Amino acid sequence: MVPEALEWARRRMTILRDARGDEIVHFAGWNAHAFYFMDPEGNILEFIGRHDLPDDAAGPFHPGLIRSLSEVAIAVPDQTGVAAFASALRDTLGLSPYRSVSDDFAAVGDERGLLVLVREGRPWFMAEHVPATVEATEVTIAGPRRGTVQLPGVPISVRCDG
């Protein structure tokens, strides 16, 4: 479905390309394909097809086939640290790392919903000229445990309604 979505999107917006000039990126470790574009405000958006999730879509792509908001990216201040924020999300909300956690990057959650945590200043994937900046972010999700993780001194919070 990703190639069909790309054709639909290409008629409406500028698609970002990777260093090789490819529009579609294959994430073998995540069993997914994606393409990226920027919205009018300069936010980087990703359309991702996760092949481990069931797909009963039939016919040509149309926006009604988009199932969910799959990922929300959060730039984490250096003084907090990506690994420490991922640990707080695990300890307080019961959110597990999706893959490995490093000082620069962590994905927390599962294929149906991920928080992508990146180090402040790290270049965004597919838009290396755009550094990750800490922005006011409030995310409310359904998850394993009720609670809130609020970064001290920064307008970033993740709330889980259980």
# chains A, B, ... in the order shown; residues from 1 in each chain; ligands from 1
>>> select_by_dssp(residues="chain A", states="helix (DSSP H, G or I)", output="number ranges by chain")
A: 2-10, 28-30, 63-65, 82-93
>>> residues_around(residues="His129 of chain A", least_positions_apart="6", cutoff="12 Å", atoms="only C-alpha atoms", output="mmCIF file with C-alpha atoms, in the first residue's frame")
data_model
loop_
_atom_site.group_PDB
_atom_site.id
_atom_site.type_symbol
_atom_site.label_atom_id
_atom_site.label_comp_id
_atom_site.auth_asym_id
_atom_site.auth_seq_id
_atom_site.Cartn_x
_atom_site.Cartn_y
_atom_site.Cartn_z
ATOM 1 C CA LEU A 16 11.676 13.978 0.814
ATOM 2 C CA GLY A 42 7.977 22.678 8.490
ATOM 3 C CA ILE A 44 8.503 16.305 9.101
ATOM 4 C CA GLY A 121 20.016 18.765 18.273
ATOM 5 C CA ARG A 122 20.113 15.387 16.523
ATOM 6 C CA PRO A 123 19.347 15.749 12.804
#
>>> closest_residue(among="A:Leu114, A:Val130, A:Ile24, A:Ala142", to="Glu71 of chain A", atoms="only C-alpha atoms")
A:Leu114
>>> closest_residue(among="A:Leu95, A:Asp110, A:Val82, A:Val116", to="Asp52 of chain A", atoms="only C-alpha atoms")
A:Asp110
>>> residues_around(residues="Ala19 of chain A", least_positions_apart="2", cutoff="10 Å", atoms="only C-alpha atoms", output="MDAnalysis selection string")
chainID A and resid 16:17 21:23 126:128
>>> closest_atom_pairs(of="segment 20-110 of chain A", to="segment 9-14 of chain A", cutoff="9 Å", atoms="only C-alpha atoms", output="CSV")
residue,atom,partner,partner_atom,distance
A:Tyr36,CA,A:Thr14,CA,8.9
A:Phe37,CA,A:Thr14,CA,6.1
A:Met38,CA,A:Thr14,CA,7.3
A:Asp39,CA,A:Met13,CA,8.3
>>> write_last_selection(atoms="N, CA and C atoms", output="CSV table (one decimal), in the first residue's frame")
chain,number,residue,atom,x,y,z
A,36,TYR,N,8.5,10.2,3.5
A,36,TYR,CA,8.5,11.4,4.4
A,36,TYR,C,8.2,12.6,3.5
A,37,PHE,N,7.5,13.6,4.2
A,37,PHE,CA,7.2,14.9,3.6
A,37,PHE,C,7.2,15.9,4.7
A,38,MET,N,7.1,17.2,4.3
A,38,MET,CA,7.0,18.3,5.3
A,38,MET,C,5.7,18.9,5.1
A,39,ASP,N,5.1,19.3,6.3
A,39,ASP,CA,3.9,20.1,6.2
A,39,ASP,C,4.2,21.6,6.0
>>> residues_around(residues="Asp78 of chain A", least_positions_apart="6", cutoff="12 Å", atoms="only C-alpha atoms", output="ChimeraX atom specification")
/A:84-85,103-104,117-122,132-134,151,154
>>> closest_atom_pairs(of="segment 53-103 of chain A", to="segment 25-33 of chain A", cutoff="10 Å", atoms="only C-alpha atoms", output="JSON lines")
{"residue": "A:Leu53", "atom": "CA", "partner": "A:Asn31", "partner_atom": "CA", "distance": 9.8}
{"residue": "A:Tyr98", "atom": "CA", "partner": "A:Trp30", "partner_atom": "CA", "distance": 9.3}
{"residue": "A:Arg99", "atom": "CA", "partner": "A:Trp30", "partner_atom": "CA", "distance": 8.7}
>>> atom_distance(atom1="atom CA of Ala83 of chain A", atom2="atom CA of Ile156 of chain A")
15.5 Å
>>> atom_distance(atom1="atom CA of Leu89 of chain A", atom2="atom CA of Glu135 of chain A")
18.3 Å
>>> residues_around(residues="Leu93 of chain A", least_positions_apart="6", cutoff="7 Å", atoms="only C-alpha atoms", output="PyMOL selection string")
chain A and resi 144-147+160
>>> write_last_selection(atoms="C-alpha atoms", output="tab-separated table (two decimals), in the first residue's frame")
chain	number	residue	atom	x	y	z
A	144	PRO	CA	-0.79	-0.49	30.30
A	145	ARG	CA	-0.67	1.82	33.34
A	146	ARG	CA	-2.32	5.13	34.29
A	147	GLY	CA	-0.01	8.01	35.08
A	160	CYS	CA	-1.46	7.31	29.91
>>> residues_around(residues="Trp8 of chain A", least_positions_apart="3", cutoff="10 Å", atoms="only C-alpha atoms", output="list in words")
Val2, Pro3, Glu4, Ala5, Arg11, Arg12, Met13, Pro60, Phe61, His62 and Pro63 of chain A
>>> atom_distance(atom1="atom CA of Trp124 of chain A", atom2="atom CA of Ala107 of chain A")
14.1 Å
>>> closest_residue(among="A:Pro155, A:Val101, A:Val72, A:Gly64", to="Thr140 of chain A", atoms="only C-alpha atoms")
A:Val72
>>> closest_residue(among="A:His51, A:Val149, A:Asp56, A:Glu7", to="Ala88 of chain A", atoms="only C-alpha atoms")
A:Val149
